[in-house]
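What's in final.cif: mmCIF, N, CA and C atoms
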```
data_my_file
loop_
_atom_site.group_PDB
_atom_site.id
_atom_site.type_symbol
_atom_site.label_atom_id
_atom_site.label_comp_id
_atom_site.auth_asym_id
_atom_site.auth_seq_id
_atom_site.Cartn_x
_atom_site.Cartn_y
_atom_site.Cartn_z
ATOM 1 N N MET A 30 -37.975 -33.285 26.694
ATOM 2 C CA MET A 30 -39.260 -32.622 26.817
ATOM 3 C C MET A 30 -39.096 -31.160 26.445
ATOM 4 N N THR A 31 -40.139 -30.648 25.819
ATOM 5 C CA THR A 31 -40.164 -29.247 25.427
ATOM 6 C C THR A 31 -41.397 -28.599 26.037
ATOM 7 N N ARG A 32 -41.202 -27.468 26.685
ATOM 8 C CA ARG A 32 -42.325 -26.768 27.301
ATOM 9 C C ARG A 32 -42.793 -25.638 26.399
ATOM 10 N N THR A 33 -44.117 -25.572 26.218
ATOM 11 C CA THR A 33 -44.745 -24.484 25.479
ATOM 12 C C THR A 33 -45.920 -24.006 26.317
ATOM 13 N N GLY A 34 -45.734 -22.932 27.032
ATOM 14 C CA GLY A 34 -46.792 -22.429 27.902
ATOM 15 C C GLY A 34 -47.089 -23.404 29.021
ATOM 16 N N THR A 35 -48.340 -23.861 29.073
ATOM 17 C CA THR A 35 -48.746 -24.787 30.131
ATOM 18 C C THR A 35 -48.702 -26.241 29.675
ATOM 19 N N TYR A 36 -48.100 -26.488 28.507
ATOM 20 C CA TYR A 36 -48.028 -27.845 27.967
ATOM 21 C C TYR A 36 -46.598 -28.311 27.780
ATOM 22 N N LEU A 37 -46.411 -29.626 27.875
ATOM 23 C CA LEU A 37 -45.125 -30.260 27.596
ATOM 24 C C LEU A 37 -45.293 -31.190 26.405
ATOM 25 N N LYS A 38 -44.245 -31.287 25.617
ATOM 26 C CA LYS A 38 -44.203 -32.273 24.535
ATOM 27 C C LYS A 38 -43.042 -33.197 24.842
ATOM 28 N N CYS A 39 -43.340 -34.478 24.919
ATOM 29 C CA CYS A 39 -42.328 -35.482 25.205
ATOM 30 C C CYS A 39 -42.201 -36.388 23.989
ATOM 31 N N SER A 40 -40.998 -36.520 23.464
ATOM 32 C CA SER A 40 -40.748 -37.387 22.317
ATOM 33 C C SER A 40 -39.928 -38.589 22.758
ATOM 34 N N ALA A 41 -40.253 -39.739 22.185
ATOM 35 C CA ALA A 41 -39.502 -40.969 22.441
ATOM 36 C C ALA A 41 -39.052 -41.513 21.091
ATOM 37 N N ILE A 42 -37.768 -41.850 20.987
ATOM 38 C CA ILE A 42 -37.197 -42.309 19.725
ATOM 39 C C ILE A 42 -36.545 -43.672 19.922
ATOM 40 N N HIS A 43 -36.877 -44.607 19.041
ATOM 41 C CA HIS A 43 -36.237 -45.926 19.044
ATOM 42 C C HIS A 43 -35.002 -45.804 18.162
ATOM 43 N N VAL A 44 -33.837 -45.907 18.752
ATOM 44 C CA VAL A 44 -32.573 -45.633 18.066
ATOM 45 C C VAL A 44 -32.342 -46.567 16.883
ATOM 46 N N ALA A 45 -32.619 -47.837 17.049
ATOM 47 C CA ALA A 45 -32.323 -48.813 15.992
ATOM 48 C C ALA A 45 -33.154 -48.591 14.729
ATOM 49 N N THR A 46 -34.410 -48.157 14.899
ATOM 50 C CA THR A 46 -35.294 -47.991 13.740
ATOM 51 C C THR A 46 -35.519 -46.538 13.355
ATOM 52 N N GLY A 47 -35.226 -45.623 14.265
ATOM 53 C CA GLY A 47 -35.476 -44.211 14.005
ATOM 54 C C GLY A 47 -36.932 -43.817 14.182
ATOM 55 N N LEU A 48 -37.746 -44.729 14.679
ATOM 56 C CA LEU A 48 -39.161 -44.454 14.905
ATOM 57 C C LEU A 48 -39.309 -43.452 16.051
ATOM 58 N N GLU A 49 -40.122 -42.422 15.834
ATOM 59 C CA GLU A 49 -40.329 -41.384 16.842
ATOM 60 C C GLU A 49 -41.814 -41.204 17.101
ATOM 61 N N VAL A 50 -42.166 -41.080 18.377
ATOM 62 C CA VAL A 50 -43.537 -40.775 18.777
ATOM 63 C C VAL A 50 -43.490 -39.612 19.757
ATOM 64 N N SER A 51 -44.595 -38.891 19.858
ATOM 65 C CA SER A 51 -44.672 -37.757 20.772
ATOM 66 C C SER A 51 -45.955 -37.831 21.577
ATOM 67 N N ALA A 52 -45.902 -37.249 22.757
ATOM 68 C CA ALA A 52 -47.078 -37.127 23.608
ATOM 69 C C ALA A 52 -47.100 -35.703 24.142
ATOM 70 N N ILE A 53 -48.288 -35.122 24.201
ATOM 71 C CA ILE A 53 -48.444 -33.753 24.685
ATOM 72 C C ILE A 53 -49.404 -33.778 25.864
ATOM 73 N N GLY A 54 -49.042 -33.048 26.925
ATOM 74 C CA GLY A 54 -49.883 -33.015 28.108
ATOM 75 C C GLY A 54 -49.547 -31.832 28.992
ATOM 76 N N PRO A 55 -50.198 -31.744 30.138
ATOM 77 C CA PRO A 55 -49.994 -30.614 31.041
ATOM 78 C C PRO A 55 -48.604 -30.612 31.668
ATOM 79 N N VAL A 56 -48.102 -29.423 31.922
ATOM 80 C CA VAL A 56 -46.764 -29.265 32.488
ATOM 81 C C VAL A 56 -46.689 -29.815 33.915
ATOM 82 N N THR A 57 -47.825 -30.005 34.548
ATOM 83 C CA THR A 57 -47.856 -30.483 35.932
ATOM 84 C C THR A 57 -47.619 -31.985 36.061
ATOM 85 N N GLU A 58 -47.625 -32.731 34.945
ATOM 86 C CA GLU A 58 -47.485 -34.190 34.987
ATOM 87 C C GLU A 58 -46.373 -34.709 34.075
ATOM 88 N N PRO A 59 -45.126 -34.305 34.291
ATOM 89 C CA PRO A 59 -44.055 -34.728 33.375
ATOM 90 C C PRO A 59 -43.776 -36.229 33.394
ATOM 91 N N ARG A 60 -43.853 -36.878 34.537
ATOM 92 C CA ARG A 60 -43.559 -38.314 34.600
ATOM 93 C C ARG A 60 -44.652 -39.131 33.917
ATOM 94 N N ALA A 61 -45.889 -38.721 34.096
ATOM 95 C CA ALA A 61 -46.994 -39.416 33.426
ATOM 96 C C ALA A 61 -46.867 -39.265 31.916
ATOM 97 N N LEU A 62 -46.480 -38.105 31.472
ATOM 98 C CA LEU A 62 -46.297 -37.852 30.047
ATOM 99 C C LEU A 62 -45.174 -38.712 29.484
ATOM 100 N N GLU A 63 -44.132 -38.880 30.261
ATOM 101 C CA GLU A 63 -43.015 -39.737 29.858
ATOM 102 C C GLU A 63 -43.476 -41.189 29.708
ATOM 103 N N ARG A 64 -44.291 -41.656 30.655
ATOM 104 C CA ARG A 64 -44.823 -43.024 30.574
ATOM 105 C C ARG A 64 -45.708 -43.200 29.340
ATOM 106 N N VAL A 65 -46.508 -42.196 29.025
ATOM 107 C CA VAL A 65 -47.382 -42.261 27.851
ATOM 108 C C VAL A 65 -46.552 -42.337 26.573
ATOM 109 N N ALA A 66 -45.498 -41.532 26.483
ATOM 110 C CA ALA A 66 -44.646 -41.537 25.289
ATOM 111 C C ALA A 66 -43.970 -42.893 25.101
ATOM 112 N N VAL A 67 -43.481 -43.480 26.174
ATOM 113 C CA VAL A 67 -42.833 -44.794 26.084
ATOM 114 C C VAL A 67 -43.858 -45.859 25.696
ATOM 115 N N ALA A 68 -45.054 -45.782 26.249
ATOM 116 C CA ALA A 68 -46.103 -46.747 25.903
ATOM 117 C C ALA A 68 -46.490 -46.618 24.432
ATOM 118 N N LYS A 69 -46.576 -45.377 23.934
ATOM 119 C CA LYS A 69 -46.882 -45.169 22.516
ATOM 120 C C LYS A 69 -45.788 -45.748 21.631
ATOM 121 N N LEU A 70 -44.542 -45.593 22.042
ATOM 122 C CA LEU A 70 -43.431 -46.131 21.264
ATOM 123 C C LEU A 70 -43.493 -47.658 21.231
ATOM 124 N N LYS A 71 -43.746 -48.276 22.368
ATOM 125 C CA LYS A 71 -43.859 -49.736 22.418
ATOM 126 C C LYS A 71 -44.997 -50.226 21.526
ATOM 127 N N ARG A 72 -46.129 -49.527 21.565
ATOM 128 C CA ARG A 72 -47.277 -49.899 20.746
ATOM 129 C C ARG A 72 -46.965 -49.742 19.257
ATOM 130 N N ALA A 73 -46.275 -48.669 18.893
ATOM 131 C CA ALA A 73 -45.908 -48.439 17.494
ATOM 132 C C ALA A 73 -44.923 -49.492 17.003
ATOM 133 N N LEU A 74 -43.993 -49.898 17.864
ATOM 134 C CA LEU A 74 -43.023 -50.926 17.480
ATOM 135 C C LEU A 74 -43.693 -52.287 17.304
ATOM 136 N N SER A 75 -44.661 -52.593 18.143
ATOM 137 C CA SER A 75 -45.336 -53.886 18.030
ATOM 138 C C SER A 75 -46.242 -53.939 16.801
ATOM 139 N N ALA A 76 -46.665 -52.791 16.299
ATOM 140 C CA ALA A 76 -47.522 -52.742 15.113
ATOM 141 C C ALA A 76 -46.724 -52.899 13.823
ATOM 142 N N ARG A 77 -45.417 -52.779 13.896
ATOM 143 C CA ARG A 77 -44.576 -52.874 12.692
ATOM 144 C C ARG A 77 -44.408 -54.285 12.247
#
```

Represent the structure contained in this file as structure tokens.
Amino acid sequence: MTRTGTYLKCSAIHVATGLEVSAIGPVTEPRALERVAVAKLKRALSAR
């Protein structure tokens, strides 16, 4: 996770394919942001 002011950017990378997704949200909710990034990665992998 990377913090920029009041926002966090969380990136999730699938090692085998190199697919990367990111989610941006408030700094007050890091665990929720992590769940969103993982869900986005799963959705992107299923679309392939």

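Taking atom C of Leu62 in chain A as the reference point, atom C of Leu74 in chain A is found at 18.3 Å.
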
- [ ] Would you return as a PyMOL selection string the members of chain A that DSSP assigns to strand (DSSP E or B) on this structure's backbone?
- [x] chain A and resi 31-33+36-43+48-55

Might you pull out every residue within 8 Å of range 40-50 of chain A, with all atoms listed in the file counted and same-chain residues fewer than 3 positions away left off, and present them as an MDAnalysis selection string? chainID A and resid 30:31 37 53 62:63 65:67 69:70 73:74

Box dimensions and centre (Å, one decimal) enclosing range 50-56 of chain A, axis-aligned, 5 Å extra per side, as AutoDock Vina command-line options:
```
--center_x -46.2 --center_y -35.2 --center_z 26.1 --size_x 18.0 --size_y 21.8 --size_z 25.5
```

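You can rank A:Ala76, A:Ala68, A:Ala61, A:Pro55 by their closest distance to Gly34 in chain A using only N, CA and C atoms, and at the top of that list sits A:Pro55.
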
Pick out each residue of chain A that DSSP on the backbone tags as alpha helix (DSSP H); I need them as an MDAnalysis selection string. chainID A and resid 59:76

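Distances here use only C-alpha atoms; by that measure, the residue among A:Val56, A:Ser75, A:Ser51, A:Arg64 closest to Tyr36 in chain A is A:Val56.
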
Separating atom C of Lys38 in chain A from CA of Arg77 in chain A, to the nearest tenth of an Å, is a gap of 23.2 Å

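Atom pair atom N of Glu58 in chain A / atom C of Lys71 in chain A has a distance of 22.2 Å (rounded to one decimal).
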